[in-house]
>>> print(open('data_21.cif').read())   # mmCIF, C-alpha atoms
data_work
#
loop_
_atom_site.label_atom_id
_atom_site.label_comp_id
_atom_site.auth_asym_id
_atom_site.auth_seq_id
_atom_site.Cartn_x
_atom_site.Cartn_y
_atom_site.Cartn_z
CA MET A 52 -3.42 -27.00 -23.20
CA SER A 53 -0.96 -29.41 -21.58
CA ARG A 54 -1.26 -30.57 -18.00
CA ALA A 55 1.74 -28.48 -16.90
CA GLN A 56 0.21 -25.35 -18.43
CA GLN A 57 -3.09 -26.04 -16.63
CA GLU A 58 -1.32 -26.39 -13.29
CA LEU A 59 0.63 -23.22 -13.93
CA SER A 60 -2.52 -21.29 -14.87
CA ARG A 61 -4.09 -22.39 -11.56
CA ALA A 62 -0.98 -21.51 -9.55
CA HIS A 63 -0.60 -17.91 -10.78
CA PRO A 64 -3.90 -16.56 -9.34
CA ARG A 65 -3.15 -18.31 -6.05
CA VAL A 66 0.28 -16.66 -5.81
CA VAL A 67 -1.24 -13.27 -6.65
CA GLY A 68 -3.83 -13.72 -3.89
CA LEU A 69 -1.23 -14.81 -1.34
CA ARG A 70 0.98 -11.80 -2.13
CA ARG A 71 -1.95 -9.40 -1.91
CA ASP A 72 -3.04 -10.89 1.41
CA GLY A 73 0.51 -10.74 2.78
CA LEU A 74 0.85 -7.06 1.83
CA HIS A 75 -2.48 -6.20 3.42
CA GLN A 76 -1.59 -8.00 6.66
CA PHE A 77 1.83 -6.34 6.79
CA THR A 78 0.57 -2.80 6.20
CA THR A 79 -2.38 -3.25 8.55
CA ARG A 80 -0.12 -4.47 11.36
CA LEU A 81 2.31 -1.57 10.84
CA THR A 82 -0.37 1.11 10.91
CA ARG A 83 -2.24 -0.40 13.87
CA GLU A 84 0.83 -0.89 16.06
CA HIS A 85 2.72 2.34 15.28
CA GLY A 86 1.52 5.94 15.31
CA THR A 87 4.20 7.11 12.85
CA VAL A 88 5.52 5.15 9.87
CA VAL A 89 8.40 6.43 7.73
CA VAL A 90 8.94 5.44 4.10
CA GLU A 91 11.58 6.53 1.60
CA ASP A 92 10.71 7.90 -1.82
CA LEU A 93 12.92 5.57 -3.88
CA ASN A 94 13.91 5.80 -7.53
CA VAL A 95 12.22 2.53 -8.48
CA ALA A 96 12.55 3.13 -12.24
CA GLY A 97 16.31 3.42 -11.81
CA MET A 98 16.40 0.29 -9.66
CA LEU A 99 14.50 -1.64 -12.34
CA ARG A 100 17.27 -0.84 -14.86
CA ASN A 101 19.72 -2.89 -12.80
CA ARG A 102 19.21 -6.40 -14.18
CA ARG A 103 20.38 -8.03 -10.96
CA LEU A 104 17.85 -6.16 -8.83
CA ALA A 105 14.96 -5.73 -11.27
CA ARG A 106 13.06 -8.94 -10.51
CA HIS A 107 13.32 -8.53 -6.74
CA VAL A 108 12.35 -4.86 -6.85
CA ALA A 109 9.34 -5.62 -9.03
CA ASP A 110 8.27 -8.43 -6.67
CA ALA A 111 8.49 -6.13 -3.64
CA SER A 112 5.56 -3.94 -4.85
CA PHE A 113 6.92 -0.74 -3.31
CA ALA A 114 4.17 1.44 -4.81
CA GLU A 115 1.41 -0.81 -3.46
CA VAL A 116 2.95 -0.88 0.01
CA ARG A 117 3.15 2.91 0.06
CA ARG A 118 -0.43 3.29 -1.25
CA GLN A 119 -1.78 0.98 1.46
CA LEU A 120 0.26 2.65 4.19
CA THR A 121 -1.09 6.04 3.10
CA TYR A 122 -4.77 5.25 3.51
CA LYS A 123 -4.42 2.82 6.41
CA SER A 124 -2.43 5.29 8.50
CA GLU A 125 -5.28 7.80 8.01
CA TRP A 126 -7.84 5.16 9.00
CA ASN A 127 -5.95 4.30 12.19
CA GLY A 128 -5.21 7.88 13.22
CA GLY A 129 -1.49 7.62 12.52
CA ARG A 130 0.92 9.57 10.35
CA LEU A 131 2.94 8.56 7.30
CA VAL A 132 6.20 10.47 6.87
CA THR A 133 7.94 10.30 3.49
CA ALA A 134 11.69 10.88 3.31
CA GLY A 135 12.63 12.68 0.11
CA ARG A 136 14.37 10.86 -2.71
CA TRP A 137 17.67 12.61 -2.02
CA TYR A 138 17.56 12.36 1.79
CA PRO A 139 20.92 10.72 2.73
CA SER A 140 19.61 8.20 5.27
CA SER A 141 22.40 5.68 4.59
CA LYS A 142 25.22 8.22 4.21
CA THR A 143 24.51 10.21 7.40
CA CYS A 144 26.03 9.19 10.72
CA SER A 145 23.25 8.57 13.23
CA GLY A 146 25.63 9.51 16.06
CA CYS A 147 27.18 12.83 15.03
CA GLY A 148 25.34 13.78 11.83
CA ALA A 149 28.38 13.78 9.52
CA VAL A 150 27.53 12.93 5.90
CA LYS A 151 29.75 10.74 3.73
CA THR A 152 30.17 11.85 0.14
CA GLU A 153 30.20 8.30 -1.21
CA LEU A 154 28.91 5.00 0.12
CA THR A 155 28.82 2.02 -2.22
CA LEU A 156 26.10 -0.59 -2.04
CA ALA A 157 28.75 -3.22 -1.25
CA GLU A 158 29.62 -1.48 2.04
CA ARG A 159 27.24 -3.20 4.46
CA THR A 160 28.80 -1.71 7.61
CA TYR A 161 28.66 2.05 8.10
CA THR A 162 31.79 3.49 9.72
CA CYS A 163 31.85 7.19 10.50
CA THR A 164 35.18 8.90 9.82
CA ALA A 165 34.32 11.80 12.16
CA CYS A 166 33.25 10.03 15.37
CA GLY A 167 34.24 6.40 14.71
CA LEU A 168 30.71 4.95 15.01
CA SER A 169 30.47 1.57 13.32
CA LEU A 170 27.19 -0.26 12.82
CA ASP A 171 25.09 -2.04 10.20
CA ARG A 172 24.26 0.20 7.24
CA ASP A 173 20.51 -0.53 7.38
CA LEU A 174 20.35 0.05 11.14
CA ASN A 175 22.10 3.39 10.67
CA ALA A 176 19.58 4.37 7.97
CA ALA A 177 16.68 3.29 10.21
CA LEU A 178 17.98 5.45 13.07
CA ASN A 179 18.26 8.42 10.72
CA LEU A 180 14.71 7.90 9.43
CA ALA A 181 13.42 7.69 13.01
CA ALA A 182 15.17 10.98 13.76
CA LEU A 183 13.56 12.50 10.63
CA ALA A 184 10.13 11.38 11.85
CA ARG A 185 10.77 13.04 15.23
CA GLU A 186 11.85 16.27 13.50
CA VAL A 187 8.77 16.33 11.27
CA THR A 188 6.37 15.62 14.13
CA ASP A 189 8.10 18.11 16.46
CA ASP A 190 7.76 20.82 13.79
CA ARG A 191 4.06 20.18 13.38
CA SER A 192 2.84 19.70 16.93
CA GLY A 193 5.66 20.59 19.30
CA ARG A 194 5.78 16.99 20.55
CA GLU A 195 6.15 13.48 19.24
CA SER A 196 3.52 12.01 16.99
CA LEU A 197 0.51 10.65 18.77
CA ASN A 198 -2.01 8.40 17.12
CA GLY A 199 -5.79 8.65 17.53
CA ARG A 200 -5.58 6.96 20.93
CA GLY A 201 -2.93 9.37 22.21
CA ALA A 202 0.06 7.03 22.08
CA ASP A 203 3.06 6.86 19.76
CA GLN A 204 2.89 3.08 19.78
CA LYS A 205 -0.60 1.74 19.79
CA THR A 206 -1.58 -0.40 22.73
CA ARG A 207 -2.83 -3.90 22.21
CA SER A 208 -6.37 -4.57 23.31
CA ARG A 209 -6.76 -6.52 26.52
CA GLY A 210 -9.73 -8.62 27.42
CA GLN A 211 -11.11 -12.06 26.87
CA VAL A 212 -9.06 -14.36 24.74
CA ALA A 213 -10.84 -16.78 22.44
CA VAL A 214 -10.23 -20.42 23.31
CA LYS A 215 -10.87 -23.14 20.78
CA ARG A 216 -13.34 -25.69 22.07
CA LEU A 217 -12.15 -29.25 21.96
CA PRO A 218 -14.57 -31.67 20.28
CA GLY A 219 -16.55 -33.88 22.63
CA THR A 220 -16.09 -31.73 25.75
CA ALA A 221 -19.70 -30.50 25.98
CA ARG A 222 -22.47 -32.74 27.30
CA ALA A 223 -25.73 -33.18 25.43
CA GLY A 224 -27.99 -30.15 25.84
CA GLN A 225 -25.06 -27.91 26.79
CA ALA A 226 -23.62 -27.33 23.34
CA GLY A 227 -22.70 -23.72 22.73
CA THR A 228 -22.37 -22.68 26.37
CA VAL A 229 -18.87 -22.02 27.61
CA PRO A 230 -18.16 -20.14 30.84
CA PRO A 231 -16.19 -16.90 30.28
CA GLN A 232 -12.41 -16.80 30.80
CA GLY A 233 -11.17 -20.25 31.50
CA GLY A 234 -13.40 -22.73 29.74
CA THR A 235 -15.06 -25.76 31.27
CA THR A 236 -13.45 -27.86 33.95
CA ALA A 237 -13.35 -30.74 31.49
CA GLN A 238 -11.33 -28.61 29.05
CA ARG A 239 -8.91 -27.51 31.77
CA SER A 240 -8.33 -31.06 32.96
CA LEU A 241 -7.95 -32.29 29.37
CA LEU A 242 -5.46 -29.53 28.57
CA SER A 243 -3.43 -30.16 31.73
CA THR A 244 -3.14 -33.89 30.95
CA ARG A 245 -1.91 -33.15 27.42
CA ARG A 246 0.95 -30.92 28.63
#
>>> encode(input="data_21.cif", output="structure tokens")
Amino acid sequence: MSRAQQELSRAHPRVVGLRRDGLHQFTTRLTREHGTVVVEDLNVAGMLRNRRLARHVADASFAEVRRQLTYKSEWNGGRLVTAGRWYPSSKTCSGCGAVKTELTLAERTYTCTACGLSLDRDLNAALNLAALAREVTDDRSGRESLNGRGADQKTRSRGQVAVKRLPGTARAGQAGTVPPQGGTTAQRSLLSTRR
């Protein structure tokens, strides 16, 4: 095996691990911070037939993202809403609800012919998916979706913040003891001189 092949064989597992870690961090953050997450049921097989999109679609790991969102939203007391494959999120006007018959992929700005609303195509689709989530949650509970803590958007935890200890700031015999919330006076003075 040549040297280049050896380096490549070491790089592939590292890239796989980095992608897996990135997906886990992304899905965990989404499900912890939001009570309701909306995904679209896309025709991935059809997207893979387009040779210009195929590589990027395959790299995006849509199925893995959806699988992780499914179980992590249950863990965190949230809800995962799936928009059907034929739901016209991009073709529907988020202002008046009019639906265009055709919208090419090249049209990046959505302009409604009925009310004149003009905005980014993806933003329009996101607004429509948010409205779908509200409809689904209103039908089920009579109010907006609440997570396990009783909030639509999860609150961040407040409390003590970890502070990295600077080397050499503790005297002999005092290693491992740091006063709560604020650190030692030596750390504060050292930090203020560095700013």
>>> resolve_selection(input="data_21.cif", expression="the PyMOL selection byres ((chain A and resi 127) around 8)", output="MDAnalysis selection string")
chainID A and resid 82:83 123:126 128:129 198:199
>>> residues_around(input="data_21.cif", residues="segment 64-79 of chain A", least_positions_apart="2", cutoff="9 Å", atoms="all atoms listed in the file", output="mmCIF file with C-alpha atoms, in the frame of the given file")
data_model
loop_
_atom_site.group_PDB
_atom_site.id
_atom_site.type_symbol
_atom_site.label_atom_id
_atom_site.label_comp_id
_atom_site.auth_asym_id
_atom_site.auth_seq_id
_atom_site.Cartn_x
_atom_site.Cartn_y
_atom_site.Cartn_z
ATOM 1 C CA SER A 60 -2.520 -21.290 -14.870
ATOM 2 C CA ARG A 61 -4.090 -22.390 -11.560
ATOM 3 C CA ALA A 62 -0.980 -21.510 -9.550
ATOM 4 C CA LEU A 81 2.310 -1.570 10.840
ATOM 5 C CA THR A 82 -0.370 1.110 10.910
ATOM 6 C CA ARG A 83 -2.240 -0.400 13.870
ATOM 7 C CA GLU A 84 0.830 -0.890 16.060
ATOM 8 C CA SER A 112 5.560 -3.940 -4.850
ATOM 9 C CA GLU A 115 1.410 -0.810 -3.460
ATOM 10 C CA VAL A 116 2.950 -0.880 0.010
ATOM 11 C CA ARG A 117 3.150 2.910 0.060
ATOM 12 C CA GLN A 119 -1.780 0.980 1.460
ATOM 13 C CA LEU A 120 0.260 2.650 4.190
ATOM 14 C CA LYS A 123 -4.420 2.820 6.410
ATOM 15 C CA SER A 124 -2.430 5.290 8.500
#
>>> closest_residue(input="data_21.cif", among="A:Leu131, A:Ala184, A:Met52, A:Leu168", to="Gly148 of chain A", atoms="all atoms listed in the file")
A:Leu168
>>> resolve_selection(input="data_21.cif", expression="the PyMOL selection byres ((chain A and resi 91-101) around 6)", output="PDB file with C-alpha atoms, in the coordinates of the input")
ATOM      1  CA  VAL A  90       8.940   5.440   4.100  1.00  0.00           C
ATOM      2  CA  ARG A 102      19.210  -6.400 -14.180  1.00  0.00           C
ATOM      3  CA  ARG A 103      20.380  -8.030 -10.960  1.00  0.00           C
ATOM      4  CA  LEU A 104      17.850  -6.160  -8.830  1.00  0.00           C
ATOM      5  CA  ALA A 105      14.960  -5.730 -11.270  1.00  0.00           C
ATOM      6  CA  THR A 133       7.940  10.300   3.490  1.00  0.00           C
ATOM      7  CA  ALA A 134      11.690  10.880   3.310  1.00  0.00           C
ATOM      8  CA  GLY A 135      12.630  12.680   0.110  1.00  0.00           C
ATOM      9  CA  ARG A 136      14.370  10.860  -2.710  1.00  0.00           C
TER      10      ARG A 136
END
>>> atom_distance(input="data_21.cif", atom1="atom CA of Glu153 of chain A", atom2="atom CA of Asp110 of chain A")
28.1 Å
>>> atom_distance(input="data_21.cif", atom1="atom CA of Ala182 of chain A", atom2="atom CA of Arg118 of chain A")
23.0 Å
>>> atom_distance(input="data_21.cif", atom1="atom CA of Ala114 of chain A", atom2="atom CA of Val187 of chain A")
22.4 Å
>>> decode(input="data_21.cif", residues="segment 106-120 of chain A", atoms="N, CA and C atoms", output="mmCIF file, in the first residue's frame")
data_model
loop_
_atom_site.group_PDB
_atom_site.id
_atom_site.type_symbol
_atom_site.label_atom_id
_atom_site.label_comp_id
_atom_site.auth_asym_id
_atom_site.auth_seq_id
_atom_site.Cartn_x
_atom_site.Cartn_y
_atom_site.Cartn_z
ATOM 1 N N ARG A 106 -24.498 14.009 -5.049
ATOM 2 C CA ARG A 106 -23.412 13.941 -4.068
ATOM 3 C C ARG A 106 -23.749 14.755 -2.819
ATOM 4 N N HIS A 107 -24.292 15.940 -3.017
ATOM 5 C CA HIS A 107 -24.624 16.808 -1.884
ATOM 6 C C HIS A 107 -25.783 16.247 -1.068
ATOM 7 N N VAL A 108 -26.756 15.665 -1.739
ATOM 8 C CA VAL A 108 -27.896 15.070 -1.040
ATOM 9 C C VAL A 108 -27.435 13.867 -0.225
ATOM 10 N N ALA A 109 -26.578 13.051 -0.806
ATOM 11 C CA ALA A 109 -26.072 11.876 -0.095
ATOM 12 C C ALA A 109 -25.235 12.293 1.112
ATOM 13 N N ASP A 110 -24.461 13.360 0.980
ATOM 14 C CA ASP A 110 -23.635 13.841 2.095
ATOM 15 C C ASP A 110 -24.473 14.432 3.224
ATOM 16 N N ALA A 111 -25.675 14.902 2.915
ATOM 17 C CA ALA A 111 -26.503 15.567 3.925
ATOM 18 C C ALA A 111 -27.108 14.601 4.937
ATOM 19 N N SER A 112 -27.194 13.331 4.625
ATOM 20 C CA SER A 112 -27.706 12.293 5.532
ATOM 21 C C SER A 112 -29.093 12.641 6.076
ATOM 22 N N PHE A 113 -30.030 12.911 5.176
ATOM 23 C CA PHE A 113 -31.374 13.305 5.585
ATOM 24 C C PHE A 113 -32.053 12.246 6.466
ATOM 25 N N ALA A 114 -31.898 10.982 6.100
ATOM 26 C CA ALA A 114 -32.546 9.913 6.868
ATOM 27 C C ALA A 114 -31.988 9.836 8.284
ATOM 28 N N GLU A 115 -30.689 10.011 8.434
ATOM 29 C CA GLU A 115 -30.079 9.949 9.764
ATOM 30 C C GLU A 115 -30.502 11.137 10.616
ATOM 31 N N VAL A 116 -30.590 12.312 10.014
ATOM 32 C CA VAL A 116 -31.049 13.490 10.747
ATOM 33 C C VAL A 116 -32.473 13.280 11.247
ATOM 34 N N ARG A 117 -33.331 12.765 10.386
ATOM 35 C CA ARG A 117 -34.724 12.531 10.782
ATOM 36 C C ARG A 117 -34.818 11.463 11.867
ATOM 37 N N ARG A 118 -34.024 10.389 11.754
ATOM 38 C CA ARG A 118 -34.040 9.322 12.757
ATOM 39 C C ARG A 118 -33.630 9.871 14.122
ATOM 40 N N GLN A 119 -32.567 10.672 14.148
ATOM 41 C CA GLN A 119 -32.097 11.235 15.411
ATOM 42 C C GLN A 119 -33.101 12.230 15.976
ATOM 43 N N LEU A 120 -33.693 13.054 15.124
ATOM 44 C CA LEU A 120 -34.689 14.007 15.610
ATOM 45 C C LEU A 120 -35.892 13.284 16.204
#
